[in-house]
Amino acid sequence: MLCVYVCFTFLDTSSKYLVLAGVSALIVAWARFTVHVLLVGVFLRGWREPARFRANNLPAHILRGCMLFGSTMFNILALKTLQLAETTSIYFFGPMVITALAGPLLGEWAGWRRWLAILTGFVGVLIITRPGVGVFGIGHLFALCSMLSNSFYVIMTRRMSSTETSESLILFSALAPSVLLAPMLAFAPTLPHGGFQWFVVLMLGVFGAGGHYLLVRAYRLATTTQLAPFPYSQMVWMIIAGWLIFHQFPDRWTLLGAAIIVASGLYIIHREHRLRVRNSASLDTEAEALAKKL
């Protein structure tokens, strides 16, 4: 799981480098998804067992792919003006948005403690963006749109995971935006210049596909609860990458807002774990009482 977020840090750092160098965001996004598709096909050997990639609900796959495309595209646009640590801090508010949306969309309602944590996390977002004091800009808006798109992507993944194979979820999440983006490439104003920029463009797909592959492997080796805190390790990698590559270090307000968001997210993880343990113990007690009656 630590390697997953190292890969995602490389992905964001490479994307920021390319857009600052003048490469079109459309090219960056399309390359990230297209190389991802090719790598998934090669490493999962799709030609041997194509049934593993069959889509039971193709429109849902396309919509889910559009959500991932929106998350990626908005993130790339945000990286043009924001530091890596700023976009990551706002992105970390996503789990709290997912917790809030899971009630009406999935029937998984949050209690008052988790709602309090969500509101506290929102305060952290306000500290980072500071609307009304001349700090909030188009980059913050793009980062918020990226976070919202990713939240809906995760919720759709939860709903589809019971009816779709893991292979189809990995493939179509990148295939749909790759196909939808292809006609738009004609409007891309600038292409990469030189061999090194083209190499970085190709590595986008490697970092993206590698991160998702390691993510699947991690969830096969450990439980969701055990892995839940690890995404916050990305904040460390993002601060280091921003400092080394772009000579940027987040200000005290960004660090304070990030700390509040991370603390709120960790509390929600802790609370959901406590509820799962309590429900499991309750079910075990009921089963034991029923066994005694029988």
# chains A, B, ... in the order shown; residues from 1 in each chain; ligands from 1
$ residues_around --residues "Trp112 of chain A" --least-positions-apart "2" --cutoff "12 Å" --atoms "only C-alpha atoms" --output "list in words"
Thr99, Ala100, Trp109, Ala110, Arg114, Trp115, Leu116, Ala117, Ile118, Leu119, Ile268 and Arg271 of chain A
$ write_last_selection --atoms "C-alpha atoms" --output "PDB file, in the first residue's frame"
ATOM      1  CA  THR A  99     -19.277   8.807   3.821  1.00  0.00           C
ATOM      2  CA  ALA A 100     -21.873  11.579   3.424  1.00  0.00           C
ATOM      3  CA  TRP A 109     -26.035   6.228   6.786  1.00  0.00           C
ATOM      4  CA  ALA A 110     -23.472   7.936   9.003  1.00  0.00           C
ATOM      5  CA  ARG A 114     -19.010  10.814  11.689  1.00  0.00           C
ATOM      6  CA  TRP A 115     -21.019  13.840  10.536  1.00  0.00           C
ATOM      7  CA  LEU A 116     -19.118  15.933  13.069  1.00  0.00           C
ATOM      8  CA  ALA A 117     -15.857  14.569  11.633  1.00  0.00           C
ATOM      9  CA  ILE A 118     -17.078  15.451   8.113  1.00  0.00           C
ATOM     10  CA  LEU A 119     -17.825  19.034   9.170  1.00  0.00           C
ATOM     11  CA  ILE A 268     -14.006   8.178  10.528  1.00  0.00           C
ATOM     12  CA  ARG A 271     -15.366   4.883  14.049  1.00  0.00           C
TER      13      ARG A 271
END
$ residues_around --residues "His140 of chain A" --least-positions-apart "4" --cutoff "8 Å" --atoms "only C-alpha atoms" --output "list in words"
Ala78, Leu82, Thr87, Thr129, Phe136 and Leu144 of chain A
$ write_last_selection --atoms "N, CA and C atoms" --output "short mmCIF file (atom, residue, chain, number, x, y, z; two decimals), in the first residue's frame"
data_model
loop_
_atom_site.label_atom_id
_atom_site.label_comp_id
_atom_site.auth_asym_id
_atom_site.auth_seq_id
_atom_site.Cartn_x
_atom_site.Cartn_y
_atom_site.Cartn_z
N ALA A 78 -5.70 21.43 -12.00
CA ALA A 78 -5.40 22.03 -10.69
C ALA A 78 -3.90 22.11 -10.45
N LEU A 82 -1.58 24.91 -8.41
CA LEU A 82 -1.47 24.55 -7.00
C LEU A 82 -0.24 23.69 -6.74
N THR A 87 -3.25 20.08 -3.60
CA THR A 87 -4.23 19.22 -4.29
C THR A 87 -4.48 17.95 -3.50
N THR A 129 -8.20 26.58 1.37
CA THR A 129 -8.64 27.41 0.25
C THR A 129 -8.84 28.87 0.64
N PHE A 136 -8.51 31.74 -2.60
CA PHE A 136 -9.25 30.77 -3.41
C PHE A 136 -9.16 31.16 -4.89
N LEU A 144 -11.33 20.74 -6.11
CA LEU A 144 -12.60 20.32 -5.50
C LEU A 144 -13.41 19.48 -6.49
#
$ residues_around --residues "segment 9-12 of chain A" --least-positions-apart "2" --cutoff "7 Å" --atoms "only C-alpha atoms" --output "ChimeraX atom specification"
/A:5-7,14-16,204,207-208,234,237-238
$ closest_atom_pairs --of "segment 181-237 of chain A" --to "segment 26-44 of chain A" --cutoff "12 Å" --atoms "only C-alpha atoms" --output "CSV"
residue,atom,partner,partner_atom,distance
A:Leu181,CA,A:Trp30,CA,6.2
A:Ala182,CA,A:Trp30,CA,7.3
A:Pro183,CA,A:Trp30,CA,10.5
A:Met184,CA,A:Leu26,CA,7.6
A:Leu185,CA,A:Leu26,CA,6.6
A:Ala186,CA,A:Leu26,CA,9.7
A:Phe187,CA,A:Leu26,CA,8.6
A:Ala188,CA,A:Leu26,CA,6.1
A:Pro189,CA,A:Leu26,CA,9.0
A:Thr190,CA,A:Ile27,CA,8.3
A:Leu191,CA,A:Ile27,CA,7.1
A:Pro192,CA,A:Ile27,CA,8.4
A:Gln197,CA,A:Val28,CA,10.6
A:Trp198,CA,A:Ala31,CA,9.9
A:Phe199,CA,A:Ala31,CA,10.9
A:Val200,CA,A:Val28,CA,9.5
A:Val201,CA,A:Ala31,CA,6.3
A:Leu202,CA,A:Ala31,CA,6.6
A:Met203,CA,A:Arg32,CA,7.9
A:Leu204,CA,A:Arg32,CA,4.9
A:Gly205,CA,A:Arg32,CA,4.2
A:Val206,CA,A:His36,CA,6.5
A:Phe207,CA,A:Arg32,CA,8.5
A:Gly208,CA,A:His36,CA,6.5
A:Ala209,CA,A:His36,CA,4.9
A:Gly210,CA,A:His36,CA,8.4
A:Gly211,CA,A:His36,CA,10.2
A:His212,CA,A:His36,CA,9.4
A:Tyr213,CA,A:Val40,CA,8.6
$ atom_distance --atom1 "atom CA of Leu77 of chain A" --atom2 "atom CA of Val19 of chain A"
8.0 Å
$ closest_residue --among "A:Arg113, A:Ser166, A:Arg159, A:Leu101" --to "Leu275 of chain A" --atoms "only C-alpha atoms"
A:Arg113
$ select_by_dssp --residues "segment 17-261 of chain A" --states "alpha helix (DSSP H)" --output "PyMOL selection string"
chain A and resi 17-20+25-43+58-79+84-91+94-106+112-129+138-160+166-181+194-221+224-227+234-246+252-261
$ residues_around --residues "segment 244-260 of chain A" --least-positions-apart "3" --cutoff "8 Å" --atoms "only C-alpha atoms" --output "tab-separated table (two decimals) with N, CA, C and O atoms, in the first residue's frame"
chain	number	residue	atom	x	y	z
A	83	GLN	N	0.22	23.70	-5.51
A	83	GLN	CA	1.28	22.80	-5.11
A	83	GLN	C	0.73	21.38	-4.98
A	83	GLN	O	-0.47	21.17	-4.80
A	85	ALA	N	1.06	19.35	-2.52
A	85	ALA	CA	0.48	19.15	-1.19
A	85	ALA	C	-0.92	19.74	-1.09
A	85	ALA	O	-1.78	19.20	-0.38
A	86	GLU	N	-1.19	20.85	-1.80
A	86	GLU	CA	-2.50	21.47	-1.75
A	86	GLU	C	-3.56	20.59	-2.41
A	86	GLU	O	-4.64	20.37	-1.86
A	89	SER	N	-4.22	17.55	-0.21
A	89	SER	CA	-4.98	17.87	1.01
A	89	SER	C	-6.48	17.93	0.69
A	89	SER	O	-7.30	17.39	1.44
A	90	ILE	N	-6.83	18.60	-0.40
A	90	ILE	CA	-8.24	18.69	-0.78
A	90	ILE	C	-8.75	17.31	-1.20
A	90	ILE	O	-9.90	16.94	-0.89
A	120	THR	N	-15.77	18.85	10.47
A	120	THR	CA	-14.43	19.26	10.88
A	120	THR	C	-13.48	19.20	9.69
A	120	THR	O	-12.65	20.11	9.50
A	121	GLY	N	-13.59	18.14	8.89
A	121	GLY	CA	-12.76	18.04	7.69
A	121	GLY	C	-13.03	19.17	6.71
A	121	GLY	O	-12.11	19.69	6.07
A	123	VAL	N	-13.90	22.16	7.53
A	123	VAL	CA	-13.18	23.32	8.08
A	123	VAL	C	-11.73	23.30	7.60
A	123	VAL	O	-11.15	24.35	7.25
A	124	GLY	N	-11.13	22.10	7.56
A	124	GLY	CA	-9.76	21.98	7.04
A	124	GLY	C	-9.65	22.42	5.59
A	124	GLY	O	-8.69	23.10	5.20
A	125	VAL	N	-10.66	22.06	4.77
A	125	VAL	CA	-10.67	22.50	3.37
A	125	VAL	C	-10.77	24.02	3.29
A	125	VAL	O	-10.09	24.67	2.48
A	126	LEU	N	-11.61	24.62	4.14
A	126	LEU	CA	-11.75	26.08	4.15
A	126	LEU	C	-10.45	26.77	4.56
A	126	LEU	O	-10.11	27.84	4.04
A	127	ILE	N	-9.71	26.15	5.48
A	127	ILE	CA	-8.43	26.74	5.90
A	127	ILE	C	-7.44	26.72	4.74
A	127	ILE	O	-6.68	27.68	4.53
A	128	ILE	N	-7.45	25.64	3.94
A	128	ILE	CA	-6.53	25.55	2.81
A	128	ILE	C	-6.91	26.53	1.71
A	128	ILE	O	-6.06	27.24	1.16
A	239	ILE	N	4.76	16.24	-0.33
A	239	ILE	CA	5.56	17.36	0.19
A	239	ILE	C	7.01	17.22	-0.25
A	239	ILE	O	7.65	18.19	-0.69
A	240	ILE	N	7.55	16.00	-0.16
A	240	ILE	CA	8.95	15.76	-0.57
A	240	ILE	C	9.12	16.02	-2.06
A	240	ILE	O	10.08	16.69	-2.48
A	241	ALA	N	8.19	15.49	-2.89
A	241	ALA	CA	8.30	15.68	-4.34
A	241	ALA	C	8.17	17.15	-4.72
A	241	ALA	O	8.91	17.65	-5.58
A	263	ALA	N	-6.76	14.11	10.34
A	263	ALA	CA	-7.28	13.68	11.64
A	263	ALA	C	-8.76	13.31	11.55
A	263	ALA	O	-9.19	12.30	12.12
A	264	SER	N	-9.54	14.09	10.81
A	264	SER	CA	-10.97	13.78	10.64
A	264	SER	C	-11.15	12.47	9.90
A	264	SER	O	-11.99	11.64	10.26
$ atom_distance --atom1 "atom CA of Arg220 of chain A" --atom2 "atom CA of Asn75 of chain A"
28.3 Å
$ closest_residue --among "A:Val236, A:Val277, A:Val216, A:Cys145" --to "Val262 of chain A" --atoms "only C-alpha atoms"
A:Val236
$ atom_distance --atom1 "atom CA of Tyr91 of chain A" --atom2 "atom CA of Ala21 of chain A"
23.8 Å
$ residues_around --residues "Phe152 of chain A" --least-positions-apart "2" --cutoff "12 Å" --atoms "only C-alpha atoms" --output "PyMOL selection string"
chain A and resi 60+63-71+94-95+97-102+105-106+145-150+154-159
$ closest_residue --among "A:Tyr232, A:Trp243, A:Phe74, A:Phe92" --to "Met1 of chain A" --atoms "only C-alpha atoms"
A:Tyr232
